[in-house]
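The next block is work27.tsv, given as TSV, C-alpha atoms.
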chain	number	residue	atom	x	y	z
A	1	MET	CA	-44.45	-59.72	11.69
A	2	GLU	CA	-43.22	-56.71	9.76
A	3	ARG	CA	-41.49	-53.96	11.73
A	4	ASN	CA	-41.11	-51.33	9.04
A	5	LEU	CA	-42.47	-47.84	9.42
A	6	HIS	CA	-43.90	-46.29	6.30
A	7	VAL	CA	-44.41	-42.53	6.35
A	8	HIS	CA	-46.66	-41.12	3.67
A	9	ILE	CA	-45.02	-37.76	3.10
A	10	LYS	CA	-47.83	-36.27	1.00
A	11	ALA	CA	-50.49	-37.28	3.52
A	12	ALA	CA	-48.40	-35.98	6.44
A	13	ARG	CA	-47.86	-32.64	4.70
A	14	ALA	CA	-51.57	-32.37	3.88
A	15	LEU	CA	-52.49	-33.06	7.51
A	16	ALA	CA	-49.91	-30.54	8.74
A	17	ALA	CA	-51.29	-27.90	6.36
A	18	GLU	CA	-54.85	-28.62	7.50
A	19	LEU	CA	-53.82	-28.41	11.14
A	20	ALA	CA	-52.01	-25.11	10.57
A	21	ALA	CA	-55.03	-23.68	8.74
A	22	ASN	CA	-57.40	-24.75	11.51
A	23	ALA	CA	-55.10	-23.37	14.21
A	24	ALA	CA	-54.91	-20.01	12.43
A	25	THR	CA	-58.69	-19.71	12.21
A	26	PRO	CA	-59.95	-17.69	15.19
A	27	ILE	CA	-62.87	-19.05	17.20
A	28	HIS	CA	-65.62	-16.56	17.91
A	29	ALA	CA	-65.79	-15.63	21.59
A	30	SER	CA	-69.44	-16.62	21.86
A	31	TYR	CA	-68.78	-20.14	20.56
A	32	LEU	CA	-69.11	-22.66	23.35
A	33	PRO	CA	-68.19	-26.08	22.00
A	34	GLY	CA	-70.42	-28.91	23.07
A	35	GLU	CA	-73.41	-26.88	24.20
A	36	ASP	CA	-75.59	-28.57	21.63
A	37	LEU	CA	-74.54	-32.07	22.71
A	38	PRO	CA	-77.13	-33.88	24.83
A	39	GLY	CA	-75.91	-34.29	28.39
A	40	ALA	CA	-72.69	-32.36	27.82
A	41	GLY	CA	-74.07	-28.89	27.19
A	42	ALA	CA	-74.56	-27.93	30.84
A	43	PHE	CA	-71.12	-29.27	31.77
A	44	ILE	CA	-69.40	-27.44	28.91
A	45	THR	CA	-71.24	-24.23	29.79
A	46	ALA	CA	-70.19	-24.53	33.44
A	47	LEU	CA	-66.61	-25.38	32.46
A	48	ASN	CA	-66.40	-22.39	30.12
A	49	GLY	CA	-67.78	-20.16	32.88
A	50	ALA	CA	-65.21	-21.48	35.36
A	51	ILE	CA	-62.35	-20.99	32.91
A	52	ASP	CA	-63.55	-17.46	32.14
A	53	SER	CA	-63.73	-16.69	35.87
A	54	LEU	CA	-60.24	-18.09	36.41
A	55	ALA	CA	-58.88	-16.01	33.52
A	56	ASN	CA	-60.47	-12.86	34.94
A	57	ARG	CA	-58.96	-13.56	38.37
A	58	ALA	CA	-55.56	-14.17	36.80
A	59	ARG	CA	-55.75	-10.87	34.89
A	60	THR	CA	-56.72	-9.06	38.10
A	61	GLN	CA	-53.85	-10.67	40.00
A	62	CYS	CA	-51.37	-9.80	37.23
A	63	ALA	CA	-52.52	-6.18	37.28
A	64	TYR	CA	-52.09	-6.12	41.08
A	65	VAL	CA	-48.56	-7.53	40.81
A	66	ASP	CA	-47.65	-5.06	38.03
A	67	ASN	CA	-48.85	-2.20	40.22
A	68	ALA	CA	-46.93	-3.53	43.24
A	69	VAL	CA	-43.73	-3.83	41.20
A	70	THR	CA	-44.12	-0.31	39.81
A	71	THR	CA	-44.71	1.12	43.30
A	72	THR	CA	-41.79	-0.83	44.75
A	73	MET	CA	-39.46	0.37	42.01
A	74	THR	CA	-40.54	3.97	42.66
A	75	TYR	CA	-39.78	3.60	46.38
A	76	LEU	CA	-36.45	1.94	45.59
A	77	ARG	CA	-35.40	4.76	43.27
A	78	GLN	CA	-36.40	7.32	45.91
A	79	ALA	CA	-34.35	5.48	48.54
A	80	GLU	CA	-31.36	5.30	46.19
A	81	ALA	CA	-31.62	9.02	45.42
A	82	THR	CA	-31.85	9.87	49.13
A	83	ASP	CA	-28.91	7.60	49.89
A	84	THR	CA	-26.84	9.19	47.13
A	85	THR	CA	-27.70	12.69	48.36
A	86	LEU	CA	-26.84	11.76	51.95
A	87	GLY	CA	-23.57	10.15	50.85
A	88	ARG	CA	-22.57	13.27	48.94
A	89	SER	CA	-23.42	15.56	51.85
A	90	LEU	CA	-21.47	13.41	54.32
A	91	ASP	CA	-18.49	13.32	51.97
A	92	LEU	CA	-18.35	17.12	52.08
A	93	LEU	CA	-17.91	17.21	55.87
Can you turn what I pasted into structure tokens?
Amino acid sequence: MERNLHVHIKAARALAAELAANAATPIHASYLPGEDLPGAGAFITALNGAIDSLANRARTQCAYVDNAVTTTMTYLRQAEATDTTLGRSLDLL
């Protein structure tokens, strides 16, 4: 039994180039892979719908968190400004 590993550099580079080219090619938003496959189309359609719904919920949640952070930072800056003003006024007494 032979235990040598032979790497075909040219073939590996060609496959890597093909993979990079395919990865760089955008997929149209309306493309739903598998919809034309018998028996799999309904599942793929439902899966794509579920993933789209999940992505929308995640975007909504991220927007909510961004808003909460912005509001919290505003309140924190106001509290710091009030504290600084109070500290200065008490220091003058």
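Here CA of Asp66 (chain A) stands at a distance of 21.0 Å from CA of Asp52 (chain A).
The space between CA of Lys10 (chain A) and CA of Thr25 (chain A) spans 22.8 Å.
Reported to one decimal place, the separation of CA of Leu54 (chain A) from CA of Ala24 (chain A) is 24.6 Å.
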Starting from the structure just given, write a file holding chain A with C-alpha atoms, as a short mmCIF file (atom, residue, chain, number, x, y, z; two decimals), in the first residue's frame.
data_model
loop_
_atom_site.label_atom_id
_atom_site.label_comp_id
_atom_site.auth_asym_id
_atom_site.auth_seq_id
_atom_site.Cartn_x
_atom_site.Cartn_y
_atom_site.Cartn_z
CA MET A 1 0.00 0.00 0.00
CA GLU A 2 1.41 3.34 -1.06
CA ARG A 3 1.14 6.22 1.41
CA ASN A 4 2.36 9.07 -0.74
CA LEU A 5 0.31 12.17 -1.33
CA HIS A 6 0.53 13.65 -4.79
CA VAL A 7 -0.72 17.21 -5.20
CA HIS A 8 -1.37 18.35 -8.73
CA ILE A 9 -0.45 22.01 -8.45
CA LYS A 10 -1.89 23.06 -11.82
CA ALA A 11 -5.21 21.34 -11.14
CA ALA A 12 -5.39 22.79 -7.62
CA ARG A 13 -4.71 26.30 -8.92
CA ALA A 14 -7.32 25.88 -11.66
CA LEU A 15 -9.91 24.72 -9.11
CA ALA A 16 -9.04 27.61 -6.78
CA ALA A 17 -9.41 30.10 -9.64
CA GLU A 18 -12.76 28.58 -10.63
CA LEU A 19 -13.97 28.70 -7.03
CA ALA A 20 -12.90 32.33 -6.66
CA ALA A 21 -14.64 33.27 -9.92
CA ASN A 22 -17.85 31.51 -8.87
CA ALA A 23 -17.75 33.10 -5.42
CA ALA A 24 -17.34 36.57 -6.94
CA THR A 25 -20.35 36.11 -9.23
CA PRO A 26 -23.43 37.58 -7.53
CA ILE A 27 -26.60 35.50 -7.41
CA HIS A 28 -29.74 37.32 -8.45
CA ALA A 29 -32.10 37.90 -5.51
CA SER A 30 -34.99 36.16 -7.27
CA TYR A 31 -32.99 32.97 -7.83
CA LEU A 32 -34.25 30.22 -5.57
CA PRO A 33 -32.04 27.17 -6.03
CA GLY A 34 -33.82 23.88 -6.24
CA GLU A 35 -37.29 25.16 -7.04
CA ASP A 36 -37.28 23.28 -10.31
CA LEU A 37 -36.28 19.98 -8.67
CA PRO A 38 -39.15 17.52 -8.25
CA GLY A 39 -40.03 17.08 -4.60
CA ALA A 40 -37.52 19.66 -3.38
CA GLY A 41 -39.03 22.82 -4.82
CA ALA A 42 -41.63 23.36 -2.10
CA PHE A 43 -39.08 22.67 0.63
CA ILE A 44 -36.51 25.04 -0.87
CA THR A 45 -39.16 27.73 -1.31
CA ALA A 46 -40.25 27.35 2.33
CA LEU A 47 -36.64 27.33 3.52
CA ASN A 48 -35.82 30.48 1.56
CA GLY A 49 -38.93 32.15 3.00
CA ALA A 50 -37.93 31.18 6.53
CA ILE A 51 -34.38 32.44 6.05
CA ASP A 52 -35.68 35.70 4.59
CA SER A 53 -38.03 36.11 7.55
CA LEU A 54 -35.20 35.42 10.00
CA ALA A 55 -32.96 37.95 8.25
CA ASN A 56 -35.71 40.59 8.42
CA ARG A 57 -36.21 39.94 12.13
CA ALA A 58 -32.47 40.16 12.73
CA ARG A 59 -32.29 43.49 10.88
CA THR A 60 -35.21 44.80 12.94
CA GLN A 61 -33.58 43.66 16.18
CA CYS A 62 -30.24 45.23 15.20
CA ALA A 63 -31.98 48.53 14.45
CA TYR A 64 -33.73 48.37 17.84
CA VAL A 65 -30.42 47.73 19.63
CA ASP A 66 -28.69 50.54 17.71
CA ASN A 67 -31.47 52.92 18.74
CA ALA A 68 -31.29 51.76 22.38
CA VAL A 69 -27.52 52.28 22.45
CA THR A 70 -27.82 55.75 20.93
CA THR A 71 -30.52 56.74 23.43
CA THR A 72 -28.54 55.31 26.35
CA MET A 73 -25.40 57.18 25.30
CA THR A 74 -27.41 60.42 25.08
CA TYR A 75 -28.74 59.92 28.61
CA LEU A 76 -25.27 59.03 29.87
CA ARG A 77 -23.75 62.19 28.39
CA GLN A 78 -26.55 64.26 29.92
CA ALA A 79 -25.93 62.67 33.32
CA GLU A 80 -22.19 63.30 33.02
CA ALA A 81 -22.78 66.93 32.07
CA THR A 82 -25.17 67.41 34.99
CA ASP A 83 -22.73 65.73 37.36
CA THR A 84 -19.88 67.93 36.12
CA THR A 85 -22.00 71.07 36.52
CA LEU A 86 -23.07 70.04 40.02
CA GLY A 87 -19.48 69.22 40.98
CA ARG A 88 -18.29 72.63 39.80
CA SER A 89 -21.06 74.45 41.65
CA LEU A 90 -20.38 72.55 44.88
CA ASP A 91 -16.66 73.25 44.57
CA LEU A 92 -17.42 76.98 44.57
CA LEU A 93 -19.16 76.86 47.97
#
